[in-house]
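Trainee: What follows is query-v1.cif, made up of mmCIF, C-alpha atoms:
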```cif
data_upload
#
loop_
_atom_site.label_atom_id
_atom_site.label_comp_id
_atom_site.auth_asym_id
_atom_site.auth_seq_id
_atom_site.Cartn_x
_atom_site.Cartn_y
_atom_site.Cartn_z
CA MET A 1 33.39 23.58 -12.89
CA GLY A 2 34.65 21.70 -9.83
CA LYS A 3 32.89 18.66 -8.42
CA ASP A 4 31.61 20.57 -5.39
CA ALA A 5 30.09 23.20 -7.67
CA VAL A 6 28.46 20.47 -9.77
CA TYR A 7 27.03 18.86 -6.63
CA LEU A 8 25.70 22.20 -5.43
CA LYS A 9 24.08 23.11 -8.76
CA ILE A 10 22.39 19.72 -9.14
CA PHE A 11 21.29 19.71 -5.51
CA ILE A 12 19.71 23.17 -5.92
CA ASP A 13 18.00 22.13 -9.17
CA ILE A 14 16.63 18.98 -7.57
CA SER A 15 15.51 20.86 -4.45
CA LYS A 16 13.48 23.19 -6.65
CA THR A 17 11.54 20.23 -8.04
CA ILE A 18 10.22 19.52 -4.52
CA THR A 19 8.05 22.64 -4.72
CA THR A 20 6.80 22.06 -8.26
CA THR A 21 3.42 20.68 -9.26
CA LEU A 22 5.02 17.68 -10.94
CA ALA A 23 3.84 14.24 -9.86
CA VAL A 24 6.11 12.62 -7.28
CA GLU A 25 7.24 10.00 -9.83
CA GLN A 26 8.45 12.77 -12.15
CA ARG A 27 10.31 14.47 -9.31
CA LEU A 28 12.04 11.25 -8.34
CA LYS A 29 12.97 10.62 -11.98
CA ILE A 30 14.66 14.04 -12.05
CA MET A 31 16.55 13.12 -8.87
CA ALA A 32 17.68 9.80 -10.34
CA GLU A 33 18.99 11.54 -13.47
CA GLY A 34 20.68 14.23 -11.40
CA VAL A 35 22.61 11.80 -9.21
CA VAL A 36 23.78 9.81 -12.25
CA THR A 37 25.07 13.01 -13.87
CA ALA A 38 26.73 14.35 -10.72
CA LEU A 39 28.45 11.14 -9.61
CA GLU A 40 29.13 9.84 -13.12
CA VAL A 41 27.66 6.41 -12.42
CA LYS A 42 26.00 3.96 -14.77
CA GLY A 43 22.51 4.16 -13.30
CA CYS A 44 20.26 4.93 -10.37
CA THR A 45 17.10 3.33 -9.02
CA ILE A 46 14.65 4.52 -6.38
CA ARG A 47 12.44 1.88 -4.80
CA LEU A 48 9.77 2.11 -2.11
CA LEU A 49 8.28 -0.56 0.12
CA ASP A 50 4.86 -1.75 -1.01
CA ASP A 51 1.81 -1.98 1.28
CA THR A 52 2.94 -5.34 2.64
CA GLY A 53 6.33 -4.01 3.66
CA LYS A 54 8.03 -6.99 1.98
CA THR A 55 8.65 -5.91 -1.61
CA LEU A 56 10.55 -2.91 -2.95
CA GLU A 57 8.66 -1.43 -5.89
CA LEU A 58 10.46 0.64 -8.53
CA VAL A 59 9.22 4.25 -8.64
CA ALA A 60 12.04 5.91 -10.61
CA SER A 61 15.19 4.98 -12.50
CA TYR A 62 17.78 6.35 -14.91
CA GLY A 63 20.52 4.77 -16.98
CA LEU A 64 19.51 1.10 -16.73
CA SER A 65 17.82 -1.04 -19.39
CA GLU A 66 14.18 -2.11 -19.32
CA GLY A 67 15.32 -5.73 -19.48
CA TYR A 68 17.12 -5.36 -16.16
CA PHE A 69 13.85 -4.61 -14.39
CA LYS A 70 12.25 -7.83 -15.64
CA LYS A 71 14.46 -9.92 -13.36
CA GLY A 72 11.70 -10.39 -10.76
CA ALA A 73 10.33 -8.92 -7.55
CA VAL A 74 12.88 -7.22 -5.32
CA GLU A 75 12.37 -8.52 -1.78
CA ALA A 76 13.38 -6.22 1.07
CA ASP A 77 14.98 -8.99 3.11
CA LYS A 78 16.97 -10.45 0.20
CA SER A 79 18.24 -7.37 -1.62
CA ILE A 80 20.92 -5.68 0.50
CA ALA A 81 18.78 -6.02 3.60
CA GLU A 82 21.06 -3.86 5.77
CA ALA A 83 19.81 -0.77 3.93
CA MET A 84 16.28 -1.47 5.18
CA GLN A 85 17.71 -1.29 8.69
CA GLY A 86 18.84 2.28 8.04
CA ARG A 87 22.45 1.63 7.01
CA THR A 88 24.33 2.85 3.94
CA VAL A 89 25.88 -0.12 2.13
CA ILE A 90 28.71 -0.26 -0.41
CA ILE A 91 29.12 -3.41 -2.49
CA LYS A 92 32.31 -3.41 -4.55
CA ASN A 93 31.59 -6.55 -6.61
CA ALA A 94 27.85 -7.04 -7.04
CA ARG A 95 28.37 -10.05 -9.33
CA THR A 96 29.69 -12.22 -6.50
CA ASP A 97 28.29 -10.65 -3.32
CA SER A 98 25.78 -12.89 -1.53
CA ARG A 99 23.69 -9.87 -0.53
CA ILE A 100 22.59 -9.37 -4.14
CA GLN A 101 19.27 -11.07 -4.95
CA TYR A 102 19.81 -11.34 -8.72
CA PRO A 103 23.60 -11.58 -9.41
CA GLU A 104 23.11 -12.95 -12.94
CA ALA A 105 20.91 -10.02 -13.95
CA VAL A 106 23.42 -7.62 -12.39
CA SER A 107 26.28 -9.19 -14.36
CA LYS A 108 24.30 -9.16 -17.60
CA GLU A 109 23.50 -5.46 -17.13
CA GLY A 110 27.19 -4.70 -16.68
CA ILE A 111 26.87 -3.55 -13.09
CA VAL A 112 29.96 -3.93 -10.89
CA SER A 113 29.65 -1.78 -7.75
CA ILE A 114 26.49 -0.64 -5.93
CA LEU A 115 25.91 2.06 -3.33
CA THR A 116 22.63 1.65 -1.42
CA ILE A 117 21.24 4.44 0.76
CA PRO A 118 18.05 4.11 2.81
CA ILE A 119 15.20 6.57 2.25
CA ILE A 120 13.91 7.56 5.66
CA VAL A 121 10.70 9.41 6.53
CA ARG A 122 9.84 10.19 10.15
CA GLU A 123 12.62 7.88 11.36
CA LYS A 124 11.19 4.97 9.37
CA VAL A 125 12.88 3.36 6.35
CA ILE A 126 10.41 3.43 3.46
CA GLY A 127 12.70 2.59 0.56
CA GLU A 128 16.17 2.87 -0.91
CA LEU A 129 18.21 4.81 -3.42
CA LYS A 130 20.76 2.72 -5.32
CA LEU A 131 23.69 3.84 -7.46
CA HIS A 132 25.14 1.37 -9.99
CA THR A 133 28.59 1.63 -11.58
CA ALA A 134 30.10 -0.11 -14.61
CA GLU A 135 33.48 -0.50 -12.91
CA GLU A 136 34.63 -1.35 -9.42
CA ARG A 137 34.49 1.79 -7.34
CA ASP A 138 35.24 3.03 -3.85
CA PHE A 139 32.70 5.73 -3.21
CA LYS A 140 34.27 8.74 -1.54
CA HIS A 141 32.87 10.33 1.58
CA GLU A 142 31.64 13.41 -0.31
CA ASP A 143 29.93 11.17 -2.90
CA ILE A 144 28.07 9.32 -0.17
CA GLU A 145 27.11 12.57 1.55
CA PHE A 146 25.73 13.99 -1.72
CA ALA A 147 23.74 10.83 -2.46
CA SER A 148 22.49 10.76 1.14
CA SER A 149 21.29 14.35 0.80
CA LEU A 150 19.36 13.36 -2.31
CA ALA A 151 17.86 10.40 -0.46
CA GLU A 152 16.63 12.90 2.15
CA GLN A 153 15.15 14.97 -0.67
CA CYS A 154 13.44 11.82 -1.94
CA GLY A 155 11.94 11.30 1.48
CA LEU A 156 10.74 14.90 1.59
CA ALA A 157 9.17 14.67 -1.88
CA ILE A 158 7.42 11.42 -0.97
CA GLU A 159 6.20 12.77 2.37
CA ASN A 160 4.83 15.94 0.74
CA ALA A 161 3.08 13.88 -1.92
CA ARG A 162 1.57 11.56 0.67
CA LEU A 163 0.35 14.45 2.81
CA PHE A 164 -1.26 16.04 -0.24
CA GLU A 165 -2.78 12.73 -1.28
CA GLN A 166 -4.07 12.18 2.26
CA ALA A 167 -5.73 15.60 2.23
CA LEU A 168 -7.45 14.77 -1.07
CA HIS A 169 -8.61 11.43 0.31
CA GLU A 170 -10.00 13.08 3.42
CA VAL A 171 -12.08 15.37 1.20
CA GLU A 172 -13.37 12.32 -0.67
CA TYR A 173 -14.15 10.58 2.63
CA LEU A 174 -16.12 13.61 3.79
CA LYS A 175 -18.08 13.79 0.53
CA ALA A 176 -18.96 10.09 0.75
CA VAL A 177 -19.98 10.35 4.41
CA THR A 178 -22.16 13.37 3.61
CA GLU A 179 -23.82 11.57 0.71
CA VAL A 180 -24.63 8.50 2.79
CA ALA A 181 -25.87 10.68 5.68
CA LYS A 182 -28.25 12.52 3.33
CA ALA A 183 -29.53 9.24 1.96
CA LEU A 184 -30.02 7.96 5.50
CA SER A 185 -32.22 10.94 6.35
CA SER A 186 -34.28 10.67 3.18
CA THR A 187 -35.22 6.99 3.02
CA LEU A 188 -36.16 4.14 5.33
CA ASP A 189 -35.15 1.56 2.72
CA ALA A 190 -32.21 -0.17 4.45
CA SER A 191 -31.25 -2.13 1.33
CA GLN A 192 -30.80 1.11 -0.61
CA ILE A 193 -28.51 2.53 2.08
CA LEU A 194 -26.48 -0.67 2.33
CA ASP A 195 -25.98 -0.74 -1.44
CA LEU A 196 -24.79 2.88 -1.37
CA ILE A 197 -22.36 2.09 1.47
CA VAL A 198 -20.82 -0.84 -0.40
CA THR A 199 -20.60 1.14 -3.65
CA LYS A 200 -18.95 4.15 -1.99
CA ALA A 201 -16.45 1.97 -0.13
CA ILE A 202 -15.28 0.44 -3.43
CA GLN A 203 -15.03 3.82 -5.17
CA ILE A 204 -13.31 5.76 -2.39
CA LEU A 205 -10.92 3.03 -1.19
CA ASN A 206 -10.20 1.64 -4.66
CA LEU A 207 -11.24 -1.90 -3.79
CA LYS A 208 -11.80 -5.00 -5.85
CA ALA A 209 -15.06 -5.68 -4.03
CA CYS A 210 -17.06 -5.09 -0.87
CA SER A 211 -19.80 -6.99 0.94
CA LEU A 212 -22.00 -6.55 3.97
CA ARG A 213 -23.31 -9.55 5.85
CA LEU A 214 -25.79 -9.65 8.72
CA LEU A 215 -25.84 -12.17 11.53
CA ASN A 216 -28.71 -14.63 11.76
CA PRO A 217 -28.88 -15.24 15.54
CA LYS A 218 -30.65 -18.59 15.11
CA SER A 219 -28.34 -20.20 12.56
CA LYS A 220 -25.21 -18.35 13.77
CA GLN A 221 -24.43 -17.62 10.14
CA LEU A 222 -23.55 -14.39 8.37
CA GLU A 223 -26.12 -13.90 5.64
CA LEU A 224 -25.39 -11.72 2.62
CA ALA A 225 -27.25 -8.40 2.67
CA CYS A 226 -25.38 -6.58 -0.09
CA SER A 227 -22.26 -6.95 -2.25
CA ARG A 228 -20.45 -5.49 -5.24
CA GLY A 229 -17.56 -6.87 -7.29
CA LEU A 230 -17.83 -10.53 -6.26
CA SER A 231 -18.83 -13.38 -8.59
CA ASN A 232 -21.97 -15.44 -8.03
CA GLU A 233 -19.76 -18.49 -7.65
CA TYR A 234 -17.90 -16.91 -4.74
CA LEU A 235 -21.06 -15.58 -3.13
CA ASN A 236 -22.67 -19.02 -3.34
CA LYS A 237 -19.64 -20.83 -1.89
CA GLY A 238 -21.58 -22.03 1.14
CA PRO A 239 -22.73 -20.88 4.57
CA VAL A 240 -20.52 -18.31 6.29
CA ALA A 241 -20.29 -19.28 9.96
CA MET A 242 -19.74 -16.52 12.51
CA ASP A 243 -17.25 -18.64 14.46
CA ARG A 244 -15.22 -19.81 11.45
CA SER A 245 -14.97 -16.75 9.20
CA LEU A 246 -12.76 -14.14 10.86
CA ALA A 247 -14.44 -14.83 14.17
CA ARG A 248 -12.70 -11.97 16.00
CA THR A 249 -14.74 -9.49 13.97
CA MET A 250 -17.82 -10.76 15.80
CA THR A 251 -16.21 -9.66 19.07
CA GLY A 252 -16.03 -6.09 17.75
CA GLU A 253 -12.46 -6.18 16.41
CA VAL A 254 -11.32 -4.92 13.01
CA VAL A 255 -9.40 -7.77 11.34
CA TRP A 256 -6.87 -7.38 8.53
CA ILE A 257 -5.89 -10.32 6.34
CA GLN A 258 -2.74 -9.79 4.32
CA ASP A 259 -2.91 -13.01 2.26
CA ALA A 260 -6.44 -14.35 1.94
CA ALA A 261 -5.25 -17.44 0.04
CA THR A 262 -3.26 -18.81 2.99
CA ASP A 263 -4.74 -17.33 6.17
CA ALA A 264 -6.26 -20.01 8.44
CA ARG A 265 -8.75 -17.51 9.89
CA LEU A 266 -10.69 -17.60 6.64
CA GLN A 267 -13.36 -20.23 6.12
CA TYR A 268 -12.84 -20.53 2.35
CA PRO A 269 -9.21 -19.48 1.54
CA ALA A 270 -8.95 -21.56 -1.63
CA LEU A 271 -12.04 -19.90 -3.08
CA ALA A 272 -10.69 -16.49 -2.09
CA LYS A 273 -7.56 -17.24 -4.13
CA GLN A 274 -9.68 -18.43 -7.06
CA GLU A 275 -11.72 -15.22 -6.86
CA GLY A 276 -8.54 -13.15 -7.09
CA ILE A 277 -8.78 -11.76 -3.57
CA ALA A 278 -5.41 -10.81 -2.09
CA SER A 279 -6.06 -8.88 1.12
CA MET A 280 -9.17 -8.34 3.21
CA LEU A 281 -10.39 -6.01 5.93
CA SER A 282 -13.29 -7.17 8.10
CA VAL A 283 -15.10 -4.43 10.04
CA PRO A 284 -17.84 -5.15 12.61
CA VAL A 285 -21.29 -3.61 12.16
CA LEU A 286 -22.35 -2.52 15.65
CA LEU A 287 -25.92 -1.83 16.73
CA GLU A 288 -26.40 -0.73 20.33
CA ASP A 289 -22.95 -2.11 21.25
CA LYS A 290 -23.83 -5.48 19.76
CA VAL A 291 -22.20 -6.90 16.61
CA VAL A 292 -24.97 -7.58 14.11
CA GLY A 293 -22.89 -8.07 10.98
CA VAL A 294 -19.65 -7.42 9.12
CA LEU A 295 -18.52 -5.07 6.38
CA ARG A 296 -15.75 -6.67 4.33
CA LEU A 297 -13.33 -4.97 1.98
CA TYR A 298 -11.48 -7.00 -0.68
CA THR A 299 -8.38 -6.01 -2.68
CA ALA A 300 -6.87 -7.55 -5.82
CA LYS A 301 -3.29 -6.91 -4.65
CA PRO A 302 -1.68 -7.34 -1.22
CA ARG A 303 -2.42 -4.20 0.73
CA ARG A 304 -2.10 -2.71 4.17
CA PHE A 305 -4.92 -0.33 5.06
CA LEU A 306 -4.10 3.09 6.49
CA ASP A 307 -5.67 4.22 9.76
CA SER A 308 -7.72 6.83 7.88
CA GLN A 309 -9.05 4.14 5.54
CA ILE A 310 -10.01 1.90 8.45
CA GLU A 311 -11.78 4.82 10.13
CA PHE A 312 -13.69 5.51 6.91
CA ALA A 313 -14.74 1.85 6.71
CA GLN A 314 -15.89 1.98 10.33
CA SER A 315 -17.95 5.09 9.53
CA MET A 316 -19.61 3.24 6.67
CA ALA A 317 -20.34 0.30 8.98
CA GLU A 318 -21.91 2.70 11.50
CA PHE A 319 -24.16 4.09 8.79
CA GLY A 320 -25.16 0.54 7.93
CA ALA A 321 -26.13 -0.05 11.56
CA LEU A 322 -28.14 3.18 11.62
CA ALA A 323 -29.97 2.17 8.44
CA LEU A 324 -30.86 -1.17 10.00
CA GLN A 325 -31.96 0.51 13.22
CA ASN A 326 -34.15 3.03 11.36
CA ALA A 327 -35.73 0.23 9.35
CA ARG A 328 -36.36 -1.77 12.52
CA LEU A 329 -37.86 1.22 14.37
CA HIS A 330 -40.04 1.99 11.37
CA GLU A 331 -41.22 -1.61 11.24
CA ASN A 332 -41.95 -1.59 14.99
CA LEU A 333 -43.82 1.69 14.64
CA ARG A 334 -45.82 0.36 11.72
CA ALA A 335 -46.67 -2.81 13.67
CA ASP A 336 -47.74 -0.75 16.71
CA TYR A 337 -49.87 1.47 14.52
CA GLN A 338 -51.48 -1.54 12.89
CA ALA A 339 -52.22 -3.07 16.29
CA VAL A 340 -53.79 0.19 17.52
CA MET A 341 -55.98 0.42 14.42
CA GLU A 342 -57.11 -3.18 14.90
CA ASP A 343 -58.02 -2.37 18.50
CA ILE A 344 -59.98 0.67 17.34
CA HIS A 345 -61.88 -1.43 14.81
CA LEU A 346 -62.67 -4.00 17.49
CA PHE A 347 -63.82 -1.28 19.89
CA ARG A 348 -66.05 0.26 17.22
CA GLY A 349 -67.56 -3.15 16.48
CA TYR A 350 -68.21 -3.65 20.17
CA THR A 351 -69.90 -0.25 20.65
CA VAL A 352 -72.09 -0.72 17.60
CA GLY A 353 -73.38 -3.95 19.10
CA LEU A 354 -74.45 -2.23 22.33
#
```
What would the structure in this file look like if it were written as structure tokens?
Mentor:
Amino acid sequence: MGKDAVYLKIFIDISKTITTTLAVEQRLKIMAEGVVTALEVKGCTIRLLDDTGKTLELVASYGLSEGYFKKGAVEADKSIAEAMQGRTVIIKNARTDSRIQYPEAVSKEGIVSILTIPIIVREKVIGELKLHTAEERDFKHEDIEFASSLAEQCGLAIENARLFEQALHEVEYLKAVTEVAKALSSTLDASQILDLIVTKAIQILNLKACSLRLLNPKSKQLELACSRGLSNEYLNKGPVAMDRSLARTMTGEVVWIQDAATDARLQYPALAKQEGIASMLSVPVLLEDKVVGVLRLYTAKPRRFLDSQIEFAQSMAEFGALALQNARLHENLRADYQAVMEDIHLFRGYTVGL
């Protein structure tokens, strides 16, 4: 069988996996194995950018040892950075090329040449496909075209998986919103609603923790109303000032903190690091167009929140505001009723004395 026929057969086989029910990691593993077989290379790796956009995380590989992957984090701007700009890169001698982040690990693994192809989805580079050879090699044009076609297939598989995952998440968001809405219509206990909001946020968004704080207008401090997943030591760290703890949230802005341990906008960054908090999202709680508190989401690993996740958090914050408003209206109504009853008692006492 000629090389073109081999390429075609493997490409067709790999294309079929796109429509299977296999998990995306399994599909990418099949692609990695297929490209190693077709191009007769030592190994293949497929890496995707993490939520921070700085690190390339391994999602599939074939032909390389487990020890090779213990070399350390692969940083996007240090490991053949041109590929993350959308360019295909050939490195003939990976043991001496300055663009290689871990040359010693490459040499120990017996890798000589590397072909790196960007994985692009919707005109955005989201990762890279790398081919590793055990001897110095000039990749031919048809080899690069075949590998590039597989990189496109990777992008398609990843995009399909993400769309499916997004659809599942949207169903979960809807279920959570419905549950909180039902609770809101069945109880006037604000604390019960707030606890449900915090609990659902952690479950649906896969968070480390979540808290909701309300503004004390007199002290200008954000007082804890409800929390889950945070230690007593962290919760008792000291007063949380509205103008020192992510102050822009109090102007109605959603604020994302990528690294809570180093961000100057946080009032207690050292304690956040000690608590194991990596990233944070601070969402304003609005009541009648006025910020009355903040809903905060905490993650254990660096993470960038999707627009749909931010919208869900904002919905939860709105429910929190409604719960507070209902409780306040109920309290006002109860106070008015009590005042009317007192007036009636006074009037009856007055008429009896006539």
Trainee: Please report, as CSV, each residue of range 71-98 of chain A lying at most 12 Å from range 27-49 of chain A, together with the nearest pair of atoms and the separation in Å rounded to one decimal; use only C-alpha atoms, and order rows by chain and ascending residue number.
Mentor:
```
residue,atom,partner,partner_atom,distance
A:Ala73,CA,A:Arg47,CA,11.3
A:Val74,CA,A:Arg47,CA,9.1
A:Glu75,CA,A:Leu49,CA,9.1
A:Ala76,CA,A:Leu49,CA,7.7
A:Asp77,CA,A:Leu49,CA,11.2
A:Ser79,CA,A:Arg47,CA,11.4
A:Ala83,CA,A:Arg47,CA,11.7
A:Met84,CA,A:Leu49,CA,9.5
```
Trainee: Set the distance at 7 Å and use all atoms listed in the file: which residues neighbour Leu215 in chain A once local chain neighbours fewer than 4 positions away are removed? I'd like the list as a ChimeraX atom specification.
Mentor: /A:220-223,292-293
Trainee: Measuring atom to atom with all atoms listed in the file, identify which of A:Ala323, A:Ala264, A:Leu295, A:Leu115 is nearest to Ala201 in chain A.
Mentor: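 For Ala201 in chain A, the nearest of the given residues is A:Leu295.
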Trainee: Please write as number ranges by chain the full residue list that the PyMOL selection byres ((chain A and resi 120) around 10) yields on this file.
Mentor: A: 84, 86, 117-119, 121-128, 151-156, 159
Trainee: Using all atoms listed in the file, pick whichever of A:Ala134, A:Ile100, A:Ala157, A:Val283 has the shortest atom-to-atom distance to Ile257 in chain A.
Mentor: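 With all atoms listed in the file as the atom set, the closest residue is A:Val283.
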Trainee: Just checking: using only C-alpha atoms, which residue out of A:Val240, A:Ala167, A:Cys210, A:Met316 ends up closest to Ile193 in chain A?
Mentor: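 For Ile193 in chain A, the nearest of the given residues is A:Met316.
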